[in-house]
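Have a look at the structure below before the remarks.
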Amino acid sequence: MLRRAFAAFAALVVVACGSSSPATAPSPGPPASGADPIFTTANVWTQAVDGAAIHPQSTAMISQLVSLGGFGLGRFQVDFSMVVLDAAVGVAQAPFVPSPGYYTPDCDTLASVPLPAGGAIEGQPGYSCDTSANDCHLIVVDRQAARLVEVYQATVDAGGRVHGLCGIAWNLSTSYPPDVRGDQCTSADAAGLPIAPLLFSADELAHGSIDHAIRFILPNAHIRARVFVHPASHAGAPSGPATTVPYGARLRLRASYPVAGLTAGAQVVARALQKYGMILADGGNVALTARDDRFTTHKWSEVSFDSHSLQAITAADFEVVDFGAVIPLTYDCVRNGR
Amino acid sequence: MRTQARNALAVVPFLLAVACTDAAKAPAEAAMAAASSAVDSLKGEAEKYAPDAVKSVQASFASAKDLITRQDYKGALAAAGEIPGKARAALAAAAAKKDALLKSWSELAAGVPEMVNNLKARIASLSSAKKLPKGIDKAVIAKANEGVAAIESGWHGLADQVKGGNYDAAIAKGKELKAQAQAILASIGGQ
């Protein structure tokens with residue numbers, strides 16, 4: 001009788017005072033899919049540089065970069081805000097309106113931009129973007145038309161028109177020459193290069209390899225002033241000393257870097273940095289740019305990769321791949337017909 | 001027997017109250033200690049970049065303290081237990097806000113000087129041209145030159161504001177200068 005009463009009392013205490021519930025198991029992610037190349041042709045960014053010669057001044061340039069503070073924010077951080085949209089067959093074409101001050105002759109005369117429903121501009125929930133303080137890149141791959149449309153300072157108005165300060169239609173079946181679209185010509189990126197094929201994605205990490213060079217950024221004061229090198233065809237407003245790296249420089253992670261010490265996802269990026277390197281394409285603070293995972297099959301959380309996953313890597317871990325002539329920056333764009 | 005049972009039933013609520021109070025007091029005090037350090041972690045950048053979220057956490061902590069004072073340990077335990085999570089969310093919101101400001105500033109800091117360099121190159125090219133394009137005369141070029149000088153002068157000092165953590169002011173001024181640069185660009189040959 002007493003035992004039963006005690007048991008009943010104990011049960012009452014548990015109910016009255018509350019108890020914890022068991023944790024739910026996480027659900028498995030979607031199956032892995034392969035990487036998704038954007039251009040169908042070989043281009044400079046798909047050329048492996050693991051066997052390429054090192055620039056004779058590589059050590060001096062890297063030392064200078066390190067002495068300037070290395071990467072922006074002093075660390076090798078990743079920005080995940082760049083959206084790459086895929087235009088399905090028959091997607092609506094939105095009229096394109098050049099914004100005042102449109103970069104001519106650098107940028108293309110676009111009649112329209114494919115605009116998939118439910119898409120977004122860089123860092124935004126949708127197609128509206130405050131261009132007064134943000135780059136607002138709009139990137140759409142239209143495989144049907146074999147073109148990649150990239151717009152800088154893009155926003156879509158209530159009438160569905162795309163406004164932009166520079167729009168480029170890249171031909172996905174073209175192998176671009178060393179001067180890309182012409183020396184001194186910019187694109188939606190300061191270096192004059194396309195953006196999308198230089199971004200890495202959660203899908204590529206899930207697949208286990210990144211088969212192209214990666215876009216990277218340094219603060220203007222860390223980039224050599226008044227010049228650029230191919231494959232850049234332009235530079236933003238670099239203001240660094242003559243002994244640091246120029247726009248267009250391709251940096252390669254040293255082959256001796258202990259990649260095995262990184263997480264599995266970070267190892268995929270590090271191996272790409274050893275094989276294909278990274279190309280200096282813009283001025284800014286966050287060193288690497290990856291694709292927003294809202295529009296990829298896999299998510300960054302699935303591949304255990306975040307903005308700090310590569311922070312063990314420093315500027316001193318890189319070497320500069322040999323580049324050709326250093327080209328003075330004049331901003332006088334001469335298009336080469338591409 | 002009936003009297004015994006009645007007596008036993010009568011003490012159940014008292015025993016329950018004692019059991020719950022005693023069981024909840026120590027965990028409530030421990031939860032309050034954890035909540036207190038979570039609130040302390042919000043000083044500095046979190047207060048600056050996510051003030052509303054920080055105020056909400058501080059208010060929750062004050063409520064939990066009030067429950068302790070009133071010896072409502074079960075209530076205090078529940079209230080204090082939520083505070084570390086809310087504090088983490090406030091820290092994450094502050095970090096996200098700071099990242100967004102930094103990104104905006106960084107894009108302005110790259111874009112505006114590039115526009116200025118572009119403008120200077122266009123002005124130089126127009127100044128040395130034998131024939132000026134339609135709609136552009138020497139007065140337009142002179143005005144563009146003055147505008148560029150004003151932008152450069154306005155830009156000077158924004159980096160110091162950023163170093164001091166004053167992103168909002170630097171971004172507001174940067175936006176203004178960017179709009180001016182774009183307008184000049186349009187006046188001398190951009191569309």
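Residue numbering restarts at 1 in every chain; chains get A, B, ... in the order shown in the structure tokens, and ligands count up from 1 in that same order.
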
**Request:** Return the neighbours of chain B among the residues of chain A, cut-off 8 Å, counting only C-alpha atoms, as a list of chain:residue names.
**Result:** A:Val13, A:Ala16, A:Cys17, A:Pro98, A:Ser99, A:Pro100, A:Gly101, A:Tyr102, A:Tyr103, A:Thr104, A:Ser132, A:Ala133, A:Asn134, A:Asp135, A:Pro219, A:Asn220, A:Gly236, A:Ala237, A:Asp282, A:Gly283, A:Gly284, A:Asn285, A:Thr330, A:Tyr331, A:Asp332

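Taking segment 294-325 of chain A and asking which residues DSSP calls strand (DSSP E or B) on the backbone, you get Phe318, Glu319, Val320 and Val321 of chain A.
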
Mind writing the picked residues with N, CA and C atoms as a PDB file, in the first residue's frame?
```pdb
ATOM      1  N   PHE A 318      49.862  30.919 -50.000  1.00  0.00           N
ATOM      2  CA  PHE A 318      49.670  30.955 -51.454  1.00  0.00           C
ATOM      3  C   PHE A 318      50.956  31.347 -52.181  1.00  0.00           C
ATOM      4  N   GLU A 319      50.977  31.033 -53.466  1.00  0.00           N
ATOM      5  CA  GLU A 319      52.039  31.511 -54.346  1.00  0.00           C
ATOM      6  C   GLU A 319      51.364  32.094 -55.591  1.00  0.00           C
ATOM      7  N   VAL A 320      52.057  33.013 -56.246  1.00  0.00           N
ATOM      8  CA  VAL A 320      51.462  33.677 -57.415  1.00  0.00           C
ATOM      9  C   VAL A 320      51.902  32.947 -58.677  1.00  0.00           C
ATOM     10  N   VAL A 321      50.919  32.512 -59.443  1.00  0.00           N
ATOM     11  CA  VAL A 321      51.208  31.851 -60.720  1.00  0.00           C
ATOM     12  C   VAL A 321      51.744  32.920 -61.685  1.00  0.00           C
TER      13      VAL A 321
END
```

Using only C-alpha atoms, which protein or nucleic acid residues come within 8 Å of segment 116-130 of chain A? Drop anything in the same chain fewer than 6 positions from it, and give the result as a PDB file with N, CA and C atoms, in the first residue's frame.
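The resulting result-v1.pdb:
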```
ATOM      1  N   SER A  81      26.458  35.112 -50.552  1.00  0.00           N
ATOM      2  CA  SER A  81      25.282  35.884 -50.965  1.00  0.00           C
ATOM      3  C   SER A  81      25.012  35.882 -52.475  1.00  0.00           C
ATOM      4  N   MET A  82      25.942  35.333 -53.266  1.00  0.00           N
ATOM      5  CA  MET A  82      25.765  35.434 -54.722  1.00  0.00           C
ATOM      6  C   MET A  82      24.807  34.344 -55.232  1.00  0.00           C
ATOM      7  N   VAL A  83      23.774  34.794 -55.902  1.00  0.00           N
ATOM      8  CA  VAL A  83      22.730  33.887 -56.403  1.00  0.00           C
ATOM      9  C   VAL A  83      22.972  33.599 -57.886  1.00  0.00           C
ATOM     10  N   LEU A  85      20.890  31.833 -60.921  1.00  0.00           N
ATOM     11  CA  LEU A  85      19.578  31.276 -61.274  1.00  0.00           C
ATOM     12  C   LEU A  85      19.667  30.512 -62.588  1.00  0.00           C
ATOM     13  N   ASP A  86      18.897  29.471 -62.703  1.00  0.00           N
ATOM     14  CA  ASP A  86      18.821  28.711 -63.948  1.00  0.00           C
ATOM     15  C   ASP A  86      17.502  29.031 -64.635  1.00  0.00           C
ATOM     16  N   ALA A  87      17.587  29.501 -65.876  1.00  0.00           N
ATOM     17  CA  ALA A  87      16.353  29.828 -66.598  1.00  0.00           C
ATOM     18  C   ALA A  87      15.838  28.566 -67.280  1.00  0.00           C
ATOM     19  N   ALA A  88      14.649  28.160 -66.913  1.00  0.00           N
ATOM     20  CA  ALA A  88      14.051  26.984 -67.554  1.00  0.00           C
ATOM     21  C   ALA A  88      13.631  27.353 -68.975  1.00  0.00           C
ATOM     22  N   VAL A  91      11.247  30.466 -70.119  1.00  0.00           N
ATOM     23  CA  VAL A  91      11.142  31.429 -69.023  1.00  0.00           C
ATOM     24  C   VAL A  91      10.825  32.835 -69.567  1.00  0.00           C
ATOM     25  N   ALA A  92      10.103  33.607 -68.756  1.00  0.00           N
ATOM     26  CA  ALA A  92       9.730  34.961 -69.194  1.00  0.00           C
ATOM     27  C   ALA A  92      10.966  35.839 -69.355  1.00  0.00           C
ATOM     28  N   CYS A 136      24.305  44.375 -55.884  1.00  0.00           N
ATOM     29  CA  CYS A 136      23.046  43.893 -56.484  1.00  0.00           C
ATOM     30  C   CYS A 136      23.261  43.146 -57.813  1.00  0.00           C
ATOM     31  N   HIS A 137      24.085  42.101 -57.774  1.00  0.00           N
ATOM     32  CA  HIS A 137      24.305  41.323 -58.994  1.00  0.00           C
ATOM     33  C   HIS A 137      23.106  40.417 -59.279  1.00  0.00           C
ATOM     34  N   LEU A 138      22.695  40.409 -60.512  1.00  0.00           N
ATOM     35  CA  LEU A 138      21.658  39.479 -60.967  1.00  0.00           C
ATOM     36  C   LEU A 138      22.335  38.540 -61.969  1.00  0.00           C
ATOM     37  N   ILE A 139      22.267  37.248 -61.698  1.00  0.00           N
ATOM     38  CA  ILE A 139      22.970  36.275 -62.547  1.00  0.00           C
ATOM     39  C   ILE A 139      21.989  35.182 -62.978  1.00  0.00           C
ATOM     40  N   ALA A 154      21.641  45.696 -60.326  1.00  0.00           N
ATOM     41  CA  ALA A 154      20.342  45.304 -60.868  1.00  0.00           C
ATOM     42  C   ALA A 154      19.221  45.465 -59.851  1.00  0.00           C
ATOM     43  N   THR A 155      18.079  45.840 -60.343  1.00  0.00           N
ATOM     44  CA  THR A 155      16.861  45.792 -59.541  1.00  0.00           C
ATOM     45  C   THR A 155      15.694  45.667 -60.519  1.00  0.00           C
ATOM     46  N   VAL A 156      14.636  45.054 -60.062  1.00  0.00           N
ATOM     47  CA  VAL A 156      13.466  44.873 -60.929  1.00  0.00           C
ATOM     48  C   VAL A 156      12.350  45.752 -60.384  1.00  0.00           C
ATOM     49  N   ASP A 157      11.779  46.587 -61.246  1.00  0.00           N
ATOM     50  CA  ASP A 157      10.742  47.510 -60.772  1.00  0.00           C
ATOM     51  C   ASP A 157       9.367  46.828 -60.739  1.00  0.00           C
TER      52      ASP A 157
END
```

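Computed from the coordinates, the atom CA of Ile214 of chain A to atom CA of Pro238 of chain A distance equals 19.8 Å.
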
**Message:** as number ranges by chain, please: the residues near Tyr247 of chain A (cut-off 9 Å, only C-alpha atoms, same-chain neighbours under 3 positions excluded).
**Reply:** A: 190-191, 223-225, 227-236, 238, 250, 279-283

Just write the chosen residues, N, CA and C atoms, as a short mmCIF file (atom, residue, chain, number, x, y, z; two decimals), in the first residue's frame.
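The result, written out as again-v5.cif:
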```cif
data_model
loop_
_atom_site.label_atom_id
_atom_site.label_comp_id
_atom_site.auth_asym_id
_atom_site.auth_seq_id
_atom_site.Cartn_x
_atom_site.Cartn_y
_atom_site.Cartn_z
N ALA A 190 34.45 43.76 -61.50
CA ALA A 190 35.45 44.80 -61.80
C ALA A 190 36.55 44.33 -62.74
N ALA A 191 36.95 43.05 -62.62
CA ALA A 191 38.07 42.56 -63.43
C ALA A 191 37.70 42.31 -64.88
N ILE A 223 45.70 45.81 -53.36
CA ILE A 223 45.88 45.44 -54.78
C ILE A 223 46.73 46.51 -55.47
N ARG A 224 47.63 46.05 -56.33
CA ARG A 224 48.56 46.96 -57.00
C ARG A 224 47.80 48.05 -57.78
N ALA A 225 48.16 49.27 -57.57
CA ALA A 225 47.46 50.41 -58.20
C ALA A 225 47.77 50.52 -59.68
N VAL A 227 47.15 49.14 -62.51
CA VAL A 227 47.47 48.09 -63.49
C VAL A 227 46.51 46.91 -63.34
N PHE A 228 46.56 46.01 -64.32
CA PHE A 228 45.92 44.70 -64.19
C PHE A 228 46.71 43.72 -65.05
N VAL A 229 46.45 42.43 -64.88
CA VAL A 229 47.08 41.41 -65.74
C VAL A 229 45.97 40.49 -66.25
N HIS A 230 46.20 39.89 -67.40
CA HIS A 230 45.22 38.90 -67.90
C HIS A 230 45.21 37.71 -66.96
N PRO A 231 44.06 37.09 -66.73
CA PRO A 231 42.84 37.18 -67.53
C PRO A 231 41.93 38.34 -67.15
N ALA A 232 42.31 39.23 -66.24
CA ALA A 232 41.50 40.44 -66.03
C ALA A 232 41.66 41.31 -67.27
N SER A 233 40.64 42.11 -67.55
CA SER A 233 40.75 43.06 -68.66
C SER A 233 40.50 44.47 -68.13
N HIS A 234 40.40 44.58 -66.82
CA HIS A 234 40.02 45.85 -66.21
C HIS A 234 40.34 45.75 -64.72
N ALA A 235 40.29 46.85 -64.03
CA ALA A 235 40.45 46.83 -62.56
C ALA A 235 39.52 47.87 -61.98
N GLY A 236 39.15 47.69 -60.73
CA GLY A 236 38.26 48.66 -60.09
C GLY A 236 39.02 49.93 -59.77
N PRO A 238 42.17 49.94 -57.65
CA PRO A 238 43.21 49.46 -56.75
C PRO A 238 44.14 50.60 -56.34
N ARG A 250 46.60 35.24 -60.38
CA ARG A 250 46.06 33.92 -60.01
C ARG A 250 46.93 33.37 -58.89
N ILE A 279 41.37 33.65 -58.78
CA ILE A 279 41.69 34.82 -59.62
C ILE A 279 41.17 36.09 -58.95
N LEU A 280 42.03 37.08 -58.84
CA LEU A 280 41.67 38.34 -58.18
C LEU A 280 40.73 39.14 -59.10
N ALA A 281 39.46 39.22 -58.69
CA ALA A 281 38.43 39.74 -59.60
C ALA A 281 37.71 41.00 -59.12
N ASP A 282 37.90 41.38 -57.85
CA ASP A 282 37.15 42.55 -57.37
C ASP A 282 37.80 43.09 -56.11
N GLY A 283 37.39 44.30 -55.76
CA GLY A 283 37.84 44.90 -54.50
C GLY A 283 36.79 44.67 -53.44
#
```

**Request:** Fewer than 3 positions away in the same chain doesn't count, so skip those; otherwise give me all residues within 7 Å of segment 31-36 of chain B, counting only C-alpha atoms, as a list in words.
**Result:**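 The residues satisfying every condition are Pro27, Ala28, Val39, Asp40, Leu77, Ala80, Gly81, Ile83 and Pro84 of chain B.
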
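Straight-line separation from atom CA of Ala53 of chain B to atom CA of Ala90 of chain B: 5.3 Å.
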
**Request:** Would you mind reading off the distance between atom CA of Thr243 of chain A and atom CA of Ala60 of chain A, one decimal, in Å?
**Result:**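 About the pair atom CA of Thr243 of chain A and atom CA of Ala60 of chain A: they are 7.1 Å apart.
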
**Request:** Show which residues sit within 9 Å of Asn336 of chain A, as a VMD selection string. Count only C-alpha atoms, and ignore same-chain residues fewer than 5 positions away.
**Result:** chain A and resid 179 to 183

For the selection just defined, write its residues with C-alpha atoms to a file, as a compact mmCIF listing (two decimals), in the first residue's frame.
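Final output, saved to out-v3.txt:
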```
# COMPACT_ATOMS: atom_id res chain seq x y z
CA ASP A 179 41.76 39.84 -73.06
CA VAL A 180 38.26 38.34 -72.53
CA ARG A 181 35.93 41.00 -74.08
CA GLY A 182 38.62 43.60 -74.70
CA ASP A 183 41.32 45.31 -72.66
```

**Message:** So that I can check the surroundings of Gln161 of chain B, please list as a list in words every protein, DNA and RNA residue that reaches within 12 Å of it, counting only C-alpha atoms and ignoring chain neighbours fewer than 3 positions away.
**Reply:**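 Within the cut-off, the hits are Trp105, Trp155, His156, Gly157, Leu158, Gly164, Gly165, Asn166, Tyr167, Asp168, Ala169, Ala170, Ile171, Ala172, Lys173 and Gly174 of chain B.
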
Given the selection you just returned, output its residues as a file containing N, CA and C atoms, formatted as a PDB file, in the first residue's frame.
```pdb
ATOM      1  N   TRP B 105      29.279  48.546 -47.035  1.00  0.00           N
ATOM      2  CA  TRP B 105      30.388  49.510 -47.036  1.00  0.00           C
ATOM      3  C   TRP B 105      31.485  49.053 -47.996  1.00  0.00           C
ATOM      4  N   TRP B 155      34.600  61.891 -49.975  1.00  0.00           N
ATOM      5  CA  TRP B 155      34.973  60.502 -49.696  1.00  0.00           C
ATOM      6  C   TRP B 155      36.057  60.436 -48.616  1.00  0.00           C
ATOM      7  N   HIS B 156      36.909  61.460 -48.629  1.00  0.00           N
ATOM      8  CA  HIS B 156      38.015  61.514 -47.684  1.00  0.00           C
ATOM      9  C   HIS B 156      37.439  61.512 -46.261  1.00  0.00           C
ATOM     10  N   GLY B 157      37.897  60.644 -45.439  1.00  0.00           N
ATOM     11  CA  GLY B 157      37.422  60.640 -44.053  1.00  0.00           C
ATOM     12  C   GLY B 157      36.393  59.563 -43.758  1.00  0.00           C
ATOM     13  N   LEU B 158      35.778  59.013 -44.823  1.00  0.00           N
ATOM     14  CA  LEU B 158      34.784  57.957 -44.582  1.00  0.00           C
ATOM     15  C   LEU B 158      35.439  56.696 -44.006  1.00  0.00           C
ATOM     16  N   GLY B 164      36.113  53.604 -36.892  1.00  0.00           N
ATOM     17  CA  GLY B 164      35.485  53.889 -35.605  1.00  0.00           C
ATOM     18  C   GLY B 164      34.167  53.127 -35.428  1.00  0.00           C
ATOM     19  N   GLY B 165      33.820  52.296 -36.379  1.00  0.00           N
ATOM     20  CA  GLY B 165      32.617  51.472 -36.274  1.00  0.00           C
ATOM     21  C   GLY B 165      31.342  52.211 -36.661  1.00  0.00           C
ATOM     22  N   ASN B 166      31.486  53.407 -37.234  1.00  0.00           N
ATOM     23  CA  ASN B 166      30.309  54.196 -37.587  1.00  0.00           C
ATOM     24  C   ASN B 166      29.863  53.875 -39.022  1.00  0.00           C
ATOM     25  N   TYR B 167      29.440  52.640 -39.224  1.00  0.00           N
ATOM     26  CA  TYR B 167      29.082  52.181 -40.571  1.00  0.00           C
ATOM     27  C   TYR B 167      27.883  52.927 -41.137  1.00  0.00           C
ATOM     28  N   ASP B 168      26.871  53.132 -40.302  1.00  0.00           N
ATOM     29  CA  ASP B 168      25.634  53.753 -40.809  1.00  0.00           C
ATOM     30  C   ASP B 168      25.908  55.108 -41.449  1.00  0.00           C
ATOM     31  N   ALA B 169      26.688  55.934 -40.744  1.00  0.00           N
ATOM     32  CA  ALA B 169      26.985  57.274 -41.264  1.00  0.00           C
ATOM     33  C   ALA B 169      27.836  57.187 -42.525  1.00  0.00           C
ATOM     34  N   ALA B 170      28.822  56.294 -42.505  1.00  0.00           N
ATOM     35  CA  ALA B 170      29.707  56.163 -43.672  1.00  0.00           C
ATOM     36  C   ALA B 170      28.926  55.662 -44.887  1.00  0.00           C
ATOM     37  N   ILE B 171      28.019  54.728 -44.652  1.00  0.00           N
ATOM     38  CA  ILE B 171      27.228  54.187 -45.769  1.00  0.00           C
ATOM     39  C   ILE B 171      26.277  55.264 -46.314  1.00  0.00           C
ATOM     40  N   ALA B 172      25.662  56.013 -45.409  1.00  0.00           N
ATOM     41  CA  ALA B 172      24.742  57.073 -45.859  1.00  0.00           C
ATOM     42  C   ALA B 172      25.483  58.085 -46.739  1.00  0.00           C
ATOM     43  N   LYS B 173      26.654  58.501 -46.289  1.00  0.00           N
ATOM     44  CA  LYS B 173      27.438  59.467 -47.066  1.00  0.00           C
ATOM     45  C   LYS B 173      27.929  58.830 -48.376  1.00  0.00           C
ATOM     46  N   GLY B 174      28.364  57.567 -48.281  1.00  0.00           N
ATOM     47  CA  GLY B 174      28.841  56.856 -49.462  1.00  0.00           C
ATOM     48  C   GLY B 174      27.762  56.745 -50.530  1.00  0.00           C
TER      49      GLY B 174
END
```

**Item:** Residue with smallest distance to Ala92 of chain B - pool B:Leu42, B:Lys131, B:Lys65, B:Ala144, counting only C-alpha atoms
**Value:**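 Checking each of B:Leu42, B:Lys131, B:Lys65, B:Ala144 against Ala92 of chain B, counting only C-alpha atoms, the winner is B:Leu42.
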